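Coordinates as given in data-v4.cif (mmCIF, C-alpha atoms; chains and numbers go by the auth columns):
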```cif
data_target
loop_
_atom_site.group_PDB
_atom_site.id
_atom_site.type_symbol
_atom_site.label_atom_id
_atom_site.label_comp_id
_atom_site.label_asym_id
_atom_site.label_seq_id
_atom_site.Cartn_x
_atom_site.Cartn_y
_atom_site.Cartn_z
_atom_site.B_iso_or_equiv
_atom_site.auth_seq_id
_atom_site.auth_asym_id
ATOM 1 C CA ALA A 1 129.733 160.145 136.902 0.00 1 B
ATOM 2 C CA GLN A 2 128.586 160.542 140.458 0.00 2 B
ATOM 3 C CA SER A 3 127.491 163.880 141.811 0.00 3 B
ATOM 4 C CA VAL A 4 126.490 165.309 145.168 0.00 4 B
ATOM 5 C CA THR A 5 124.096 168.166 145.811 0.00 5 B
ATOM 6 C CA GLN A 6 124.010 169.943 149.132 0.00 6 B
ATOM 7 C CA LEU A 7 120.950 172.138 149.521 0.00 7 B
ATOM 8 C CA GLY A 8 121.787 175.389 151.244 0.00 8 B
ATOM 9 C CA SER A 9 125.277 176.816 151.176 0.00 9 B
ATOM 10 C CA HIS A 10 124.630 178.503 154.521 0.00 10 B
ATOM 11 C CA VAL A 11 122.516 177.273 157.403 0.00 11 B
ATOM 12 C CA SER A 12 122.027 179.208 160.622 0.00 12 B
ATOM 13 C CA VAL A 13 120.527 177.748 163.786 0.00 13 B
ATOM 14 C CA SER A 14 120.177 178.743 167.390 0.00 14 B
ATOM 15 C CA GLU A 15 122.158 176.962 170.054 0.00 15 B
ATOM 16 C CA GLY A 16 120.112 173.980 171.190 0.00 16 B
ATOM 17 C CA ALA A 17 118.073 173.783 168.008 0.00 17 B
ATOM 18 C CA LEU A 18 117.925 170.906 165.570 0.00 18 B
ATOM 19 C CA VAL A 19 120.602 170.818 162.881 0.00 19 B
ATOM 20 C CA LEU A 20 119.572 169.483 159.464 0.00 20 B
ATOM 21 C CA LEU A 21 122.001 169.577 156.570 0.00 21 B
ATOM 22 C CA ARG A 22 120.726 168.141 153.313 0.00 22 B
ATOM 23 C CA CYS A 23 122.575 165.964 150.856 0.00 23 B
ATOM 24 C CA ASN A 24 121.347 164.234 147.717 0.00 24 B
ATOM 25 C CA TYR A 25 123.473 162.097 145.461 0.00 25 B
ATOM 26 C CA SER A 26 123.259 160.601 142.026 0.00 26 B
ATOM 27 C CA SER A 27 124.368 157.040 141.660 0.00 27 B
ATOM 28 C CA SER A 28 123.292 154.093 139.593 0.00 28 B
ATOM 29 C CA VAL A 29 124.575 151.622 142.161 0.00 29 B
ATOM 30 C CA PRO A 30 124.418 151.542 145.964 0.00 30 B
ATOM 31 C CA PRO A 31 126.964 154.132 147.001 0.00 31 B
ATOM 32 C CA TYR A 32 129.312 154.660 149.890 0.00 32 B
ATOM 33 C CA LEU A 33 128.418 157.987 151.497 0.00 33 B
ATOM 34 C CA PHE A 34 130.311 160.256 153.840 0.00 34 B
ATOM 35 C CA TRP A 35 129.998 163.442 155.839 0.00 35 B
ATOM 36 C CA TYR A 36 133.120 165.430 156.628 0.00 36 B
ATOM 37 C CA VAL A 37 133.529 168.542 158.777 0.00 37 B
ATOM 38 C CA GLN A 38 136.086 171.294 158.259 0.00 38 B
ATOM 39 C CA TYR A 39 136.815 173.709 161.067 0.00 39 B
ATOM 40 C CA PRO A 40 138.472 177.023 160.198 0.00 40 B
ATOM 41 C CA ASN A 41 142.051 176.653 159.015 0.00 41 B
ATOM 42 C CA GLN A 42 141.964 172.889 159.364 0.00 42 B
ATOM 43 C CA GLY A 43 141.716 169.848 157.142 0.00 43 B
ATOM 44 C CA LEU A 44 138.701 167.613 156.833 0.00 44 B
ATOM 45 C CA GLN A 45 137.603 165.256 159.569 0.00 45 B
ATOM 46 C CA LEU A 46 135.308 162.300 158.997 0.00 46 B
ATOM 47 C CA LEU A 47 132.003 162.662 160.862 0.00 47 B
ATOM 48 C CA LEU A 48 130.345 159.457 159.721 0.00 48 B
ATOM 49 C CA LYS A 49 129.960 157.096 156.814 0.00 49 B
ATOM 50 C CA TYR A 50 127.475 154.707 155.288 0.00 50 B
ATOM 51 C CA THR A 51 128.799 151.621 153.583 0.00 51 B
ATOM 52 C CA THR A 52 126.386 148.744 154.127 0.00 52 B
ATOM 53 C CA GLY A 53 123.931 147.545 156.729 0.00 53 B
ATOM 54 C CA ALA A 54 121.950 149.845 158.993 0.00 54 B
ATOM 55 C CA THR A 55 120.733 152.909 157.139 0.00 55 B
ATOM 56 C CA LEU A 56 120.887 155.148 160.204 0.00 56 B
ATOM 57 C CA VAL A 57 124.504 155.780 161.022 0.00 57 B
ATOM 58 C CA LYS A 58 125.866 157.565 164.044 0.00 58 B
ATOM 59 C CA GLY A 59 129.005 159.602 164.028 0.00 59 B
ATOM 60 C CA ILE A 60 131.118 161.744 166.257 0.00 60 B
ATOM 61 C CA ASN A 61 129.938 164.782 168.220 0.00 61 B
ATOM 62 C CA GLY A 62 126.317 163.594 168.324 0.00 62 B
ATOM 63 C CA PHE A 63 125.723 163.704 164.571 0.00 63 B
ATOM 64 C CA GLU A 64 123.835 161.061 162.654 0.00 64 B
ATOM 65 C CA ALA A 65 122.678 160.548 159.084 0.00 65 B
ATOM 66 C CA GLU A 66 120.127 158.343 157.403 0.00 66 B
ATOM 67 C CA PHE A 67 120.625 156.714 154.027 0.00 67 B
ATOM 68 C CA LYS A 68 117.358 156.740 152.065 0.00 68 B
ATOM 69 C CA LYS A 69 117.785 154.921 148.804 0.00 69 B
ATOM 70 C CA SER A 70 114.307 155.819 147.518 0.00 70 B
ATOM 71 C CA GLU A 71 115.062 159.510 147.972 0.00 71 B
ATOM 72 C CA THR A 72 118.777 159.262 147.069 0.00 72 B
ATOM 73 C CA SER A 73 119.453 161.257 150.195 0.00 73 B
ATOM 74 C CA PHE A 74 121.886 161.201 153.096 0.00 74 B
ATOM 75 C CA HIS A 75 120.869 164.102 155.318 0.00 75 B
ATOM 76 C CA LEU A 76 122.922 164.965 158.391 0.00 76 B
ATOM 77 C CA THR A 77 121.198 165.768 161.671 0.00 77 B
ATOM 78 C CA LYS A 78 121.993 166.651 165.248 0.00 78 B
ATOM 79 C CA PRO A 79 119.213 167.077 167.827 0.00 79 B
ATOM 80 C CA SER A 80 120.769 170.018 169.640 0.00 80 B
ATOM 81 C CA ALA A 81 123.297 172.403 168.138 0.00 81 B
ATOM 82 C CA HIS A 82 126.298 173.578 170.079 0.00 82 B
ATOM 83 C CA MET A 83 128.395 176.640 169.409 0.00 83 B
ATOM 84 C CA SER A 84 131.350 174.385 168.644 0.00 84 B
ATOM 85 C CA ASP A 85 129.440 172.855 165.713 0.00 85 B
ATOM 86 C CA ALA A 86 129.994 175.989 163.648 0.00 86 B
ATOM 87 C CA ALA A 87 132.013 174.770 160.664 0.00 87 B
ATOM 88 C CA GLU A 88 131.824 173.775 157.005 0.00 88 B
ATOM 89 C CA TYR A 89 130.213 170.408 156.300 0.00 89 B
ATOM 90 C CA PHE A 90 130.811 168.367 153.176 0.00 90 B
ATOM 91 C CA CYS A 91 128.840 165.426 151.887 0.00 91 B
ATOM 92 C CA ALA A 92 130.734 163.007 149.651 0.00 92 B
ATOM 93 C CA VAL A 93 130.035 159.927 147.578 0.00 93 B
ATOM 94 C CA SER A 94 132.560 157.382 146.438 0.00 94 B
ATOM 95 C CA GLU A 95 133.044 156.644 142.785 0.00 95 B
ATOM 96 C CA PHE A 96 134.792 153.526 141.561 0.00 96 B
ATOM 97 C CA SER A 97 137.053 154.444 138.683 0.00 97 B
ATOM 98 C CA GLY A 98 140.376 153.203 137.415 0.00 98 B
ATOM 99 C CA GLY A 99 140.420 150.307 139.836 0.00 99 B
ATOM 100 C CA TYR A 100 139.866 152.209 143.051 0.00 100 B
ATOM 101 C CA ASN A 101 137.330 154.327 144.917 0.00 101 B
ATOM 102 C CA LYS A 102 137.665 158.101 144.935 0.00 102 B
ATOM 103 C CA LEU A 103 135.538 160.690 146.692 0.00 103 B
ATOM 104 C CA ILE A 104 133.332 163.226 144.965 0.00 104 B
ATOM 105 C CA PHE A 105 132.412 166.130 147.244 0.00 105 B
ATOM 106 C CA GLY A 106 129.395 168.357 147.403 0.00 106 B
ATOM 107 C CA ALA A 107 129.733 172.129 147.456 0.00 107 B
ATOM 108 C CA GLY A 108 129.586 172.275 151.220 0.00 108 B
ATOM 109 C CA THR A 109 127.260 173.863 153.778 0.00 109 B
ATOM 110 C CA ARG A 110 128.501 176.434 156.244 0.00 110 B
ATOM 111 C CA LEU A 111 126.758 176.019 159.574 0.00 111 B
ATOM 112 C CA ALA A 112 126.480 179.025 161.855 0.00 112 B
ATOM 113 C CA VAL A 113 125.269 178.598 165.439 0.00 113 B
ATOM 114 C CA HIS A 114 124.100 181.673 167.290 0.00 114 B
ATOM 115 C CA PRO A 115 123.311 182.089 170.994 0.00 115 B
ATOM 116 C CA SER B 1 143.582 156.429 161.256 0.00 1 C
ATOM 117 C CA ALA B 2 146.692 157.858 159.644 0.00 2 C
ATOM 118 C CA VAL B 3 148.426 161.038 160.770 0.00 3 C
ATOM 119 C CA ILE B 4 149.227 163.258 157.804 0.00 4 C
ATOM 120 C CA SER B 5 151.618 166.199 157.934 0.00 5 C
ATOM 121 C CA GLN B 6 151.826 168.821 155.227 0.00 6 C
ATOM 122 C CA LYS B 7 154.464 171.471 154.658 0.00 7 C
ATOM 123 C CA PRO B 8 154.218 174.366 154.282 0.00 8 C
ATOM 124 C CA SER B 9 151.003 175.058 156.153 0.00 9 C
ATOM 125 C CA ARG B 10 150.746 178.369 154.336 0.00 10 C
ATOM 126 C CA ASP B 11 152.795 180.506 151.996 0.00 11 C
ATOM 127 C CA ILE B 12 152.617 183.672 149.991 0.00 12 C
ATOM 128 C CA CYS B 13 154.111 183.330 146.545 0.00 13 C
ATOM 129 C CA GLN B 14 154.901 185.562 143.643 0.00 14 C
ATOM 130 C CA ARG B 15 153.319 185.128 140.240 0.00 15 C
ATOM 131 C CA GLY B 16 155.389 182.939 137.920 0.00 16 C
ATOM 132 C CA THR B 17 157.156 181.003 140.654 0.00 17 C
ATOM 133 C CA SER B 18 156.665 177.380 141.668 0.00 18 C
ATOM 134 C CA LEU B 19 156.098 175.841 145.066 0.00 19 C
ATOM 135 C CA THR B 20 156.403 172.264 146.229 0.00 20 C
ATOM 136 C CA ILE B 21 154.116 170.940 148.949 0.00 21 C
ATOM 137 C CA GLN B 22 155.224 167.951 150.968 0.00 22 C
ATOM 138 C CA CYS B 23 152.973 165.316 152.479 0.00 23 C
ATOM 139 C CA GLN B 24 154.266 162.850 155.068 0.00 24 C
ATOM 140 C CA VAL B 25 152.184 159.974 156.448 0.00 25 C
ATOM 141 C CA ASP B 26 152.948 158.076 159.640 0.00 26 C
ATOM 142 C CA SER B 27 152.178 154.699 158.065 0.00 27 C
ATOM 143 C CA GLN B 28 152.576 153.039 154.694 0.00 28 C
ATOM 144 C CA VAL B 29 149.702 153.696 152.328 0.00 29 C
ATOM 145 C CA THR B 30 149.044 152.641 148.780 0.00 30 C
ATOM 146 C CA MET B 31 146.922 155.486 147.529 0.00 31 C
ATOM 147 C CA MET B 32 147.500 159.178 148.103 0.00 32 C
ATOM 148 C CA PHE B 33 145.185 161.848 146.741 0.00 33 C
ATOM 149 C CA TRP B 34 145.775 165.543 146.163 0.00 34 C
ATOM 150 C CA TYR B 35 142.791 167.905 146.319 0.00 35 C
ATOM 151 C CA ARG B 36 142.400 171.613 145.661 0.00 36 C
ATOM 152 C CA GLN B 37 139.964 173.791 147.566 0.00 37 C
ATOM 153 C CA GLN B 38 139.581 177.200 146.003 0.00 38 C
ATOM 154 C CA PRO B 39 138.344 180.027 148.242 0.00 39 C
ATOM 155 C CA GLY B 40 134.808 179.387 149.423 0.00 40 C
ATOM 156 C CA GLN B 41 134.460 176.278 147.303 0.00 41 C
ATOM 157 C CA SER B 42 134.421 172.531 147.631 0.00 42 C
ATOM 158 C CA LEU B 43 137.225 170.049 147.095 0.00 43 C
ATOM 159 C CA THR B 44 138.302 169.050 143.623 0.00 44 C
ATOM 160 C CA LEU B 45 140.514 166.047 143.047 0.00 45 C
ATOM 161 C CA ILE B 46 143.718 166.960 141.228 0.00 46 C
ATOM 162 C CA ALA B 47 145.377 163.568 140.956 0.00 47 C
ATOM 163 C CA THR B 48 145.922 160.198 142.527 0.00 48 C
ATOM 164 C CA ALA B 49 149.442 159.079 143.347 0.00 49 C
ATOM 165 C CA ASN B 50 150.522 155.473 143.691 0.00 50 C
ATOM 166 C CA GLN B 51 154.014 154.574 144.749 0.00 51 C
ATOM 167 C CA GLY B 52 156.143 153.481 141.829 0.00 52 C
ATOM 168 C CA SER B 53 153.866 154.685 139.065 0.00 53 C
ATOM 169 C CA GLU B 54 152.914 157.901 137.345 0.00 54 C
ATOM 170 C CA ALA B 55 150.191 159.939 138.975 0.00 55 C
ATOM 171 C CA THR B 56 146.730 159.810 137.449 0.00 56 C
ATOM 172 C CA TYR B 57 145.324 163.270 136.766 0.00 57 C
ATOM 173 C CA GLU B 58 141.695 164.313 136.710 0.00 58 C
ATOM 174 C CA SER B 59 140.143 166.208 133.863 0.00 59 C
ATOM 175 C CA GLY B 60 141.334 169.792 133.841 0.00 60 C
ATOM 176 C CA PHE B 61 144.631 169.086 135.587 0.00 61 C
ATOM 177 C CA VAL B 62 147.907 168.369 133.800 0.00 62 C
ATOM 178 C CA ILE B 63 151.284 167.094 134.870 0.00 63 C
ATOM 179 C CA ASP B 64 153.160 170.144 133.600 0.00 64 C
ATOM 180 C CA LYS B 65 151.199 172.375 135.936 0.00 65 C
ATOM 181 C CA PHE B 66 150.950 169.999 138.906 0.00 66 C
ATOM 182 C CA PRO B 67 153.839 167.534 138.860 0.00 67 C
ATOM 183 C CA ILE B 68 153.604 164.922 141.590 0.00 68 C
ATOM 184 C CA SER B 69 156.213 162.644 143.080 0.00 69 C
ATOM 185 C CA ARG B 70 155.624 159.503 145.111 0.00 70 C
ATOM 186 C CA PRO B 71 159.017 158.083 145.986 0.00 71 C
ATOM 187 C CA ASN B 72 157.840 155.714 148.736 0.00 72 C
ATOM 188 C CA LEU B 73 154.772 154.524 150.631 0.00 73 C
ATOM 189 C CA THR B 74 154.812 157.334 153.207 0.00 74 C
ATOM 190 C CA PHE B 75 155.635 160.475 151.228 0.00 75 C
ATOM 191 C CA SER B 76 154.453 162.524 148.279 0.00 76 C
ATOM 192 C CA THR B 77 154.971 165.998 146.872 0.00 77 C
ATOM 193 C CA LEU B 78 152.792 168.239 144.750 0.00 78 C
ATOM 194 C CA THR B 79 154.347 171.129 142.865 0.00 79 C
ATOM 195 C CA VAL B 80 152.272 174.051 141.690 0.00 80 C
ATOM 196 C CA SER B 81 154.180 175.424 138.719 0.00 81 C
ATOM 197 C CA ASN B 82 154.281 178.881 137.176 0.00 82 C
ATOM 198 C CA MET B 83 151.716 180.136 139.645 0.00 83 C
ATOM 199 C CA SER B 84 149.100 182.762 138.962 0.00 84 C
ATOM 200 C CA PRO B 85 146.590 184.346 141.368 0.00 85 C
ATOM 201 C CA GLU B 86 144.028 181.763 140.218 0.00 86 C
ATOM 202 C CA ASP B 87 146.157 179.099 141.916 0.00 87 C
ATOM 203 C CA SER B 88 145.482 180.654 145.314 0.00 88 C
ATOM 204 C CA SER B 89 143.851 177.751 147.129 0.00 89 C
ATOM 205 C CA ILE B 90 144.170 175.264 149.898 0.00 90 C
ATOM 206 C CA TYR B 91 145.906 172.118 148.682 0.00 91 C
ATOM 207 C CA LEU B 92 145.041 169.012 150.672 0.00 92 C
ATOM 208 C CA CYS B 93 146.836 165.715 150.806 0.00 93 C
ATOM 209 C CA SER B 94 144.754 162.675 151.695 0.00 94 C
ATOM 210 C CA VAL B 95 145.262 158.959 152.031 0.00 95 C
ATOM 211 C CA ASP B 96 143.085 155.954 151.565 0.00 96 C
ATOM 212 C CA GLY B 97 141.440 154.726 154.765 0.00 97 C
ATOM 213 C CA LEU B 98 142.024 151.100 153.761 0.00 98 C
ATOM 214 C CA SER B 99 138.339 150.226 154.090 0.00 99 C
ATOM 215 C CA ASN B 100 137.969 149.848 150.309 0.00 100 C
ATOM 216 C CA THR B 101 135.098 152.332 150.421 0.00 101 C
ATOM 217 C CA GLY B 102 136.835 155.491 149.328 0.00 102 C
ATOM 218 C CA GLU B 103 137.104 156.816 152.867 0.00 103 C
ATOM 219 C CA LEU B 104 139.940 159.310 153.135 0.00 104 C
ATOM 220 C CA PHE B 105 142.031 160.821 155.883 0.00 105 C
ATOM 221 C CA PHE B 106 143.174 164.373 155.288 0.00 106 C
ATOM 222 C CA GLY B 107 146.118 166.499 156.205 0.00 107 C
ATOM 223 C CA GLU B 108 145.510 170.021 157.450 0.00 108 C
ATOM 224 C CA GLY B 109 146.197 171.510 154.070 0.00 109 C
ATOM 225 C CA SER B 110 148.599 174.026 152.591 0.00 110 C
ATOM 226 C CA ARG B 111 147.127 177.476 152.061 0.00 111 C
ATOM 227 C CA LEU B 112 148.740 179.222 149.102 0.00 112 C
ATOM 228 C CA THR B 113 148.268 182.863 148.231 0.00 113 C
ATOM 229 C CA VAL B 114 149.678 184.005 144.908 0.00 114 C
ATOM 230 C CA LEU B 115 150.259 187.721 144.427 0.00 115 C
#
```

Reformat the file's structure so that it appears as structure tokens.
Amino acid sequence: AQSVTQLGSHVSVSEGALVLLRCNYSSSVPPYLFWYVQYPNQGLQLLLKYTTGATLVKGINGFEAEFKKSETSFHLTKPSAHMSDAAEYFCAVSEFSGGYNKLIFGAGTRLAVHP
Amino acid sequence: SAVISQKPSRDICQRGTSLTIQCQVDSQVTMMFWYRQQPGQSLTLIATANQGSEATYESGFVIDKFPISRPNLTFSTLTVSNMSPEDSSIYLCSVDGLSNTGELFFGEGSRLTVL
């Protein structure tokens, strides 16, 4: 079965600083990978996804992630943090089972942005 | 992307009672997924619901506790039966993004507190 590991349950950065949220996955085949964001009292919103092609993918709100097969990683970055980026971030990998793809989520990383 | 509405958005329930959560989608979808997010934790897939067939439950979840209906291609319900405080969670409805990658769109969730 697939699994996702997010290093760091809490990350705190200063406004304007680099954001780096780490995600490693286990998969025996090339995976589909996703980052979702959850703002307080809301559902999950897709930030970006990797399916095929270019390994550096860009998403909404200035976020991007790079798929590194050799490292089984899909880390999320943003060059300059904004206060509005404070939220919970989930990395997910798809698993094909029972004839369809389903998402397996990591434990999540809570990002705090301070002035 | 699909627009997903869940009702209720939140509720406080008494131990031993049951609550049904409704999920309405603004377009026809084949696959609908129900997730549970316990306080401070990640998302765990409860079951997958296809229209016209029995829901498929993940390990650790059973139909008697979480009966699911899927009467048509735009609607589903999840019932949490005989609730206990351990069932206090956010329950999220999601639908397949039709990209055949596992990408999901989420509703805003139903926050249940069981006293």

Specify as a PDB file with C-alpha atoms, in the coordinates of the input each residue included when the PyMOL selection byres ((chain B and resi 60) around 7) is applied to this file.
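Done, and the output landed in selection-v2.pdb:
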```pdb
ATOM      1  CA  LEU B  47     132.003 162.662 160.862  1.00  0.00           C
ATOM      2  CA  LEU B  48     130.345 159.457 159.721  1.00  0.00           C
ATOM      3  CA  GLY B  59     129.005 159.602 164.028  1.00  0.00           C
ATOM      4  CA  ASN B  61     129.938 164.782 168.220  1.00  0.00           C
ATOM      5  CA  GLY B  62     126.317 163.594 168.324  1.00  0.00           C
ATOM      6  CA  PHE B  63     125.723 163.704 164.571  1.00  0.00           C
TER       7      PHE B  63
END
```

(request) Select, from B:Leu44, B:Leu7, B:Ala86, B:Ala92, the residue with the minimum atom-to-atom distance to chain C, counting all atoms listed in the file. (result)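 With all atoms listed in the file as the atom set, the closest residue is B:Leu44.
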
What lies within 7 Å of range 12-27 of chain B using all atoms listed in the file, ignoring chain neighbours under 5 positions off, as a CSV table (one decimal) with C-alpha atoms, keeping the file's coordinate frame?
```
chain,number,residue,atom,x,y,z
B,2,GLN,CA,128.6,160.5,140.5
B,3,SER,CA,127.5,163.9,141.8
B,4,VAL,CA,126.5,165.3,145.2
B,5,THR,CA,124.1,168.2,145.8
B,6,GLN,CA,124.0,169.9,149.1
B,7,LEU,CA,121.0,172.1,149.5
B,72,THR,CA,118.8,159.3,147.1
B,73,SER,CA,119.5,161.3,150.2
B,74,PHE,CA,121.9,161.2,153.1
B,75,HIS,CA,120.9,164.1,155.3
B,76,LEU,CA,122.9,165.0,158.4
B,77,THR,CA,121.2,165.8,161.7
B,78,LYS,CA,122.0,166.7,165.2
B,79,PRO,CA,119.2,167.1,167.8
B,80,SER,CA,120.8,170.0,169.6
B,81,ALA,CA,123.3,172.4,168.1
B,82,HIS,CA,126.3,173.6,170.1
B,83,MET,CA,128.4,176.6,169.4
B,91,CYS,CA,128.8,165.4,151.9
B,111,LEU,CA,126.8,176.0,159.6
B,112,ALA,CA,126.5,179.0,161.9
B,113,VAL,CA,125.3,178.6,165.4
B,114,HIS,CA,124.1,181.7,167.3
B,115,PRO,CA,123.3,182.1,171.0
```

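Proximity of C:Val29, C:Ile68, C:Leu45, C:Ile21 to chain B, computed with all atoms listed in the file, is greatest for C:Leu45.
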
(request) Would you mind listing what lies within 9 Å of Val37 in chain B as a list of chain:residue names, with all atoms listed in the file counted and same-chain residues fewer than 3 positions away left out? (result)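 The residues that qualify are B:Gly43, B:Leu44, B:Gln45, B:Leu46, B:Leu47, B:Ala87, B:Glu88, B:Tyr89, B:Phe90, B:Cys91.
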
Could you save the residues just selected, with C-alpha atoms, as a compact mmCIF listing (two decimals), in the frame of the given file?
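Contents of part12.txt, as written:
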```txt
# COMPACT_ATOMS: atom_id res chain seq x y z
CA GLY B 43 141.72 169.85 157.14
CA LEU B 44 138.70 167.61 156.83
CA GLN B 45 137.60 165.26 159.57
CA LEU B 46 135.31 162.30 159.00
CA LEU B 47 132.00 162.66 160.86
CA ALA B 87 132.01 174.77 160.66
CA GLU B 88 131.82 173.78 157.00
CA TYR B 89 130.21 170.41 156.30
CA PHE B 90 130.81 168.37 153.18
CA CYS B 91 128.84 165.43 151.89
```

(request) Have a look at CA of Pro39 in chain C and CA of His10 in chain B and let me know their distance in Å, one decimal. (result)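 Taking CA of Pro39 in chain C and CA of His10 in chain B, their separation equals 15.2 Å.
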
(message) Taking the file as I've supplied it (selection: the PyMOL selection byres ((chain C) within 8 of (chain B))), which residues are included? Please answer as a ChimeraX atom specification.
(response) /C:41-45,92,100-109
